[in-house]
$ cat protein.txt   # compact mmCIF, C-alpha atoms and all ligand atoms
# COMPACT_ATOMS: atom_id res chain seq x y z
CA MET H 1 103.58 -36.79 51.86
CA ALA H 2 102.06 -33.91 53.83
CA THR H 3 99.39 -34.58 56.39
CA ALA H 4 97.25 -31.91 58.01
CA ARG H 5 96.82 -32.28 61.74
CA ASP H 6 93.11 -31.52 61.69
CA THR H 7 92.19 -34.28 59.23
CA PRO H 8 92.10 -37.92 60.29
CA ALA H 9 95.20 -39.71 59.06
CA PRO H 10 94.52 -42.59 56.66
CA ALA H 11 94.83 -45.99 58.31
CA CYS H 12 97.75 -48.09 57.13
CA PRO H 13 96.67 -50.75 54.59
CA CYS H 14 98.67 -53.40 56.51
CA GLY H 15 95.96 -53.50 59.15
CA SER H 16 98.12 -52.48 62.10
CA GLY H 17 95.49 -49.98 63.19
CA LYS H 18 98.08 -47.20 63.04
CA PRO H 19 98.01 -44.33 60.56
CA LEU H 20 100.02 -44.92 57.38
CA ALA H 21 102.40 -42.10 58.33
CA ALA H 22 103.17 -43.79 61.68
CA CYS H 23 103.44 -47.29 60.24
CA CYS H 24 104.62 -48.34 56.78
CA GLY H 25 104.63 -44.83 55.27
CA PRO H 26 108.16 -43.81 56.34
CA CYS H 27 109.59 -47.10 55.00
CA LEU H 28 107.93 -46.64 51.61
CA ALA H 29 109.12 -43.03 51.51
CA GLY H 30 112.71 -44.12 52.19
CA GLU H 31 112.74 -42.19 55.47
CA ALA H 32 113.09 -45.29 57.64
CA THR H 33 114.13 -48.90 57.35
CA ALA H 34 111.94 -51.69 58.70
CA PRO H 35 113.26 -52.66 62.15
CA THR H 36 112.02 -56.25 61.94
CA ALA H 37 111.20 -58.81 59.28
CA GLU H 38 107.52 -58.50 60.22
CA ALA H 39 107.64 -54.73 59.75
CA LEU H 40 109.26 -55.24 56.35
CA MET H 41 106.62 -57.79 55.40
CA ARG H 42 103.86 -55.39 56.42
CA SER H 43 105.43 -52.54 54.46
CA ARG H 44 105.72 -54.77 51.40
CA TYR H 45 102.03 -55.67 51.65
CA THR H 46 101.26 -51.95 51.84
CA ALA H 47 103.45 -51.42 48.77
CA TYR H 48 101.40 -54.02 46.88
CA VAL H 49 98.20 -52.21 47.91
CA LEU H 50 99.62 -48.87 46.78
CA GLY H 51 101.29 -50.25 43.64
CA ASP H 52 104.77 -49.19 44.78
CA GLU H 53 106.89 -51.45 42.56
CA PRO H 54 110.23 -49.67 43.23
CA TYR H 55 109.87 -50.34 46.97
CA LEU H 56 109.00 -53.99 46.38
CA LEU H 57 112.06 -54.47 44.19
CA ALA H 58 114.33 -52.54 46.56
CA THR H 59 113.31 -54.75 49.50
CA TRP H 60 113.66 -57.99 47.52
CA HIS H 61 116.99 -59.74 48.04
CA PRO H 62 119.19 -59.42 44.92
CA ALA H 63 119.60 -63.23 44.80
CA THR H 64 115.89 -63.79 44.17
CA ARG H 65 114.68 -60.39 42.93
CA PRO H 66 112.67 -60.41 39.69
CA THR H 67 113.43 -57.75 37.11
CA ALA H 68 109.88 -56.38 37.20
CA LEU H 69 106.56 -57.16 38.85
CA GLN H 70 103.97 -56.00 36.32
CA LEU H 71 101.67 -54.73 39.05
CA ASP H 72 99.54 -53.09 36.35
CA ALA H 73 98.84 -56.36 34.56
CA GLU H 74 95.12 -57.06 34.21
CA PRO H 75 93.20 -58.33 36.00
CA ARG H 76 94.66 -56.42 38.92
CA PRO H 77 94.04 -57.91 42.36
CA ARG H 78 92.24 -55.73 44.85
CA TRP H 79 93.91 -56.30 48.20
CA LEU H 80 91.47 -56.60 51.09
CA GLY H 81 93.50 -57.25 54.19
CA LEU H 82 96.51 -58.79 55.86
CA ALA H 83 96.79 -61.05 58.90
CA VAL H 84 100.24 -61.88 60.24
CA LYS H 85 100.09 -65.34 61.81
CA ARG H 86 103.65 -65.90 62.99
CA HIS H 87 106.97 -64.08 63.21
CA GLU H 88 109.83 -66.38 64.05
CA ALA H 89 113.41 -65.23 64.42
CA GLN H 90 115.70 -68.06 63.33
CA ASP H 91 118.83 -66.16 64.29
CA ALA H 92 119.79 -62.48 64.43
CA ASP H 93 119.67 -62.08 60.65
CA HIS H 94 117.13 -64.66 59.46
CA ALA H 95 113.40 -64.72 60.14
CA LEU H 96 110.17 -66.31 58.96
CA VAL H 97 106.87 -64.48 58.70
CA GLU H 98 103.67 -66.43 58.05
CA PHE H 99 100.74 -64.41 56.82
CA VAL H 100 97.39 -64.56 55.07
CA ALA H 101 96.58 -61.84 52.56
CA ARG H 102 93.06 -61.63 51.14
CA TYR H 103 92.30 -60.21 47.72
CA LYS H 104 89.75 -60.18 44.97
CA VAL H 105 90.22 -60.67 41.24
CA ASN H 106 87.28 -59.98 38.97
CA GLY H 107 84.96 -60.12 41.97
CA ARG H 108 86.22 -63.51 43.19
CA ALA H 109 87.82 -63.71 46.64
CA PHE H 110 91.18 -65.40 47.13
CA LYS H 111 93.60 -65.98 49.98
CA LEU H 112 97.37 -65.99 49.77
CA HIS H 113 98.77 -68.00 52.70
CA GLU H 114 102.54 -67.77 52.62
CA THR H 115 105.50 -68.34 54.89
CA SER H 116 108.14 -65.87 53.77
CA ARG H 117 111.85 -65.98 54.47
CA PHE H 118 113.70 -62.78 55.29
CA VAL H 119 117.39 -62.05 55.65
CA ARG H 120 119.14 -59.03 57.15
CA GLU H 121 122.27 -57.66 55.48
CA ASP H 122 124.09 -54.50 56.56
CA GLY H 123 121.27 -53.80 59.00
CA ARG H 124 118.52 -53.94 56.38
CA TRP H 125 115.89 -56.66 56.05
CA PHE H 126 115.17 -58.18 52.64
CA TYR H 127 112.50 -60.54 51.38
CA LEU H 128 114.17 -63.72 50.15
CA ASP H 129 111.41 -66.12 49.08
CA GLY H 130 108.36 -67.88 50.39
CA ASP H 131 106.36 -71.11 50.52
CA VAL H 132 102.70 -70.85 49.61
CA ALA H 133 100.47 -73.15 51.64
CA GLY H 134 98.13 -75.48 49.78
ZN ZN H 201 101.58 -50.57 58.05
$ encode --input "protein.txt" --output "structure tokens"
Amino acid sequence: MATARDTPAPACPCGSGKPLAACCGPCLAGEATAPTAEALMRSRYTAYVLGDEPYLLATWHPATRPTALQLDAEPRPRWLGLAVKRHEAQDADHALVEFVARYKVNGRAFKLHETSRFVREDGRWFYLDGDVAG
């Protein structure tokens, strides 16, 4: 992914306010690993926005990973924004991240409010599963 210095860098879809190339971009490109569960969660949201199914599967823990995600299934959600509410380290290798992701399907607005569990193995964070709030 080449970026010219004289053009404004695209903002990262995760809403960090940083350019994609200085935020989730290197994780999605396989050039970096997410240093925290929150960073992994943000990069996975960005992968949903960009339709990067291989990254989503690669960062999903093998114990709970689906075989495919069918991101192209219609109607496709249009992701509108992410708000991270809480990042709680349970111990060195387990963390919770609570977030609200907003999206639209067929013009209707929805919210996904989830508390996700993450686990770190061999220095890499993985998404394990999550509880969706009412
Ligand atoms: Zn980002």
$ residues_near_ligand --input "protein.txt" --ligand "ligand ZN 201 (chain H)" --cutoff "12 Å" --atoms "all atoms listed in the file" --output "PyMOL selection string"
chain H and resi 10-28+34+38-50+81-84
$ residues_around --input "protein.txt" --residues "Asp91 in chain H" --least-positions-apart "4" --cutoff "12 Å" --atoms "all atoms listed in the file" --output "list in words"
Ala37, Ala95, Leu96, Phe118, Val119 and Arg120 of chain H
$ residues_around --input "protein.txt" --residues "Thr64 in chain H" --least-positions-apart "2" --cutoff "12 Å" --atoms "all atoms listed in the file" --output "ChimeraX atom specification"
/H:57-62,66-68,117-119,126-130
$ closest_residue --input "protein.txt" --among "H:Glu74, H:Trp79, H:Ala89, H:Thr33" --to "Ala101 in chain H" --atoms "all atoms listed in the file"
H:Trp79
$ atom_distance --input "protein.txt" --atom1 "CA of Asp131 in chain H" --atom2 "CA of Glu98 in chain H"
9.3 Å
$ closest_residue --input "protein.txt" --among "H:Arg65, H:Arg124, H:Pro75, H:Thr115" --to "Tyr103 in chain H" --atoms "only C-alpha atoms"
H:Pro75
$ atom_distance --input "protein.txt" --atom1 "CA of Arg78 in chain H" --atom2 "CA of Phe99 in chain H"
17.1 Å
$ atom_distance --input "protein.txt" --atom1 "CA of Trp125 in chain H" --atom2 "CA of Pro35 in chain H"
7.8 Å
$ closest_residue --input "protein.txt" --among "H:Val132, H:Ala9, H:Ala32, H:Leu80" --to "Gly107 in chain H" --atoms "only C-alpha atoms"
H:Leu80
$ closest_residue --input "protein.txt" --among "H:Arg76, H:Leu56, H:Glu121, H:Glu88" --to "Asn106 in chain H" --atoms "all atoms listed in the file"
H:Arg76
$ closest_residue --input "protein.txt" --among "H:Gln90, H:Ala133, H:Ala73, H:Tyr55" --to "Val105 in chain H" --atoms "all atoms listed in the file"
H:Ala73
$ build_atoms --input "protein.txt" --residues "range 11-31 of chain H" --atoms "N, CA and C atoms" --output "mmCIF file, in the frame of the given file"
data_model
loop_
_atom_site.group_PDB
_atom_site.id
_atom_site.type_symbol
_atom_site.label_atom_id
_atom_site.label_comp_id
_atom_site.auth_asym_id
_atom_site.auth_seq_id
_atom_site.Cartn_x
_atom_site.Cartn_y
_atom_site.Cartn_z
ATOM 1 N N ALA H 11 94.335 -44.795 57.630
ATOM 2 C CA ALA H 11 94.830 -45.990 58.310
ATOM 3 C C ALA H 11 95.772 -46.747 57.378
ATOM 4 N N CYS H 12 96.790 -47.360 57.947
ATOM 5 C CA CYS H 12 97.750 -48.090 57.130
ATOM 6 C C CYS H 12 97.075 -49.338 56.523
ATOM 7 N N PRO H 13 97.279 -49.571 55.225
ATOM 8 C CA PRO H 13 96.670 -50.750 54.590
ATOM 9 C C PRO H 13 97.069 -52.068 55.230
ATOM 10 N N CYS H 14 98.203 -52.121 55.950
ATOM 11 C CA CYS H 14 98.670 -53.400 56.510
ATOM 12 C C CYS H 14 97.822 -53.881 57.664
ATOM 13 N N GLY H 15 96.892 -53.051 58.130
ATOM 14 C CA GLY H 15 95.960 -53.500 59.150
ATOM 15 C C GLY H 15 96.490 -53.385 60.568
ATOM 16 N N SER H 16 97.552 -52.639 60.762
ATOM 17 C CA SER H 16 98.120 -52.480 62.100
ATOM 18 C C SER H 16 97.221 -51.660 63.003
ATOM 19 N N GLY H 17 96.311 -50.888 62.403
ATOM 20 C CA GLY H 17 95.490 -49.980 63.190
ATOM 21 C C GLY H 17 96.123 -48.617 63.371
ATOM 22 N N LYS H 18 97.385 -48.490 62.938
ATOM 23 C CA LYS H 18 98.080 -47.200 63.040
ATOM 24 C C LYS H 18 97.891 -46.425 61.739
ATOM 25 N N PRO H 19 98.055 -45.093 61.806
ATOM 26 C CA PRO H 19 98.010 -44.330 60.560
ATOM 27 C C PRO H 19 99.184 -44.723 59.650
ATOM 28 N N LEU H 20 98.974 -44.604 58.353
ATOM 29 C CA LEU H 20 100.020 -44.920 57.380
ATOM 30 C C LEU H 20 101.323 -44.196 57.711
ATOM 31 N N ALA H 21 101.214 -42.923 58.086
ATOM 32 C CA ALA H 21 102.400 -42.100 58.330
ATOM 33 C C ALA H 21 103.168 -42.550 59.577
ATOM 34 N N ALA H 22 102.506 -43.313 60.469
ATOM 35 C CA ALA H 22 103.170 -43.790 61.680
ATOM 36 C C ALA H 22 103.464 -45.276 61.595
ATOM 37 N N CYS H 23 103.254 -45.846 60.396
ATOM 38 C CA CYS H 23 103.440 -47.290 60.240
ATOM 39 C C CYS H 23 104.355 -47.541 59.040
ATOM 40 N N CYS H 24 103.798 -47.983 57.930
ATOM 41 C CA CYS H 24 104.620 -48.340 56.780
ATOM 42 C C CYS H 24 105.039 -47.134 55.932
ATOM 43 N N GLY H 25 104.368 -46.002 56.101
ATOM 44 C CA GLY H 25 104.630 -44.830 55.270
ATOM 45 C C GLY H 25 106.097 -44.413 55.208
ATOM 46 N N PRO H 26 106.753 -44.239 56.370
ATOM 47 C CA PRO H 26 108.160 -43.810 56.340
ATOM 48 C C PRO H 26 109.079 -44.808 55.631
ATOM 49 N N CYS H 27 108.781 -46.100 55.714
ATOM 50 C CA CYS H 27 109.590 -47.100 55.000
ATOM 51 C C CYS H 27 109.434 -46.911 53.495
ATOM 52 N N LEU H 28 108.178 -46.793 53.041
ATOM 53 C CA LEU H 28 107.930 -46.640 51.610
ATOM 54 C C LEU H 28 108.544 -45.347 51.079
ATOM 55 N N ALA H 29 108.573 -44.330 51.931
ATOM 56 C CA ALA H 29 109.120 -43.030 51.510
ATOM 57 C C ALA H 29 110.637 -43.004 51.581
ATOM 58 N N GLY H 30 111.256 -44.089 52.078
ATOM 59 C CA GLY H 30 112.710 -44.120 52.190
ATOM 60 C C GLY H 30 113.237 -43.336 53.374
ATOM 61 N N GLU H 31 112.334 -42.981 54.304
ATOM 62 C CA GLU H 31 112.740 -42.190 55.470
ATOM 63 C C GLU H 31 113.109 -43.078 56.651
#
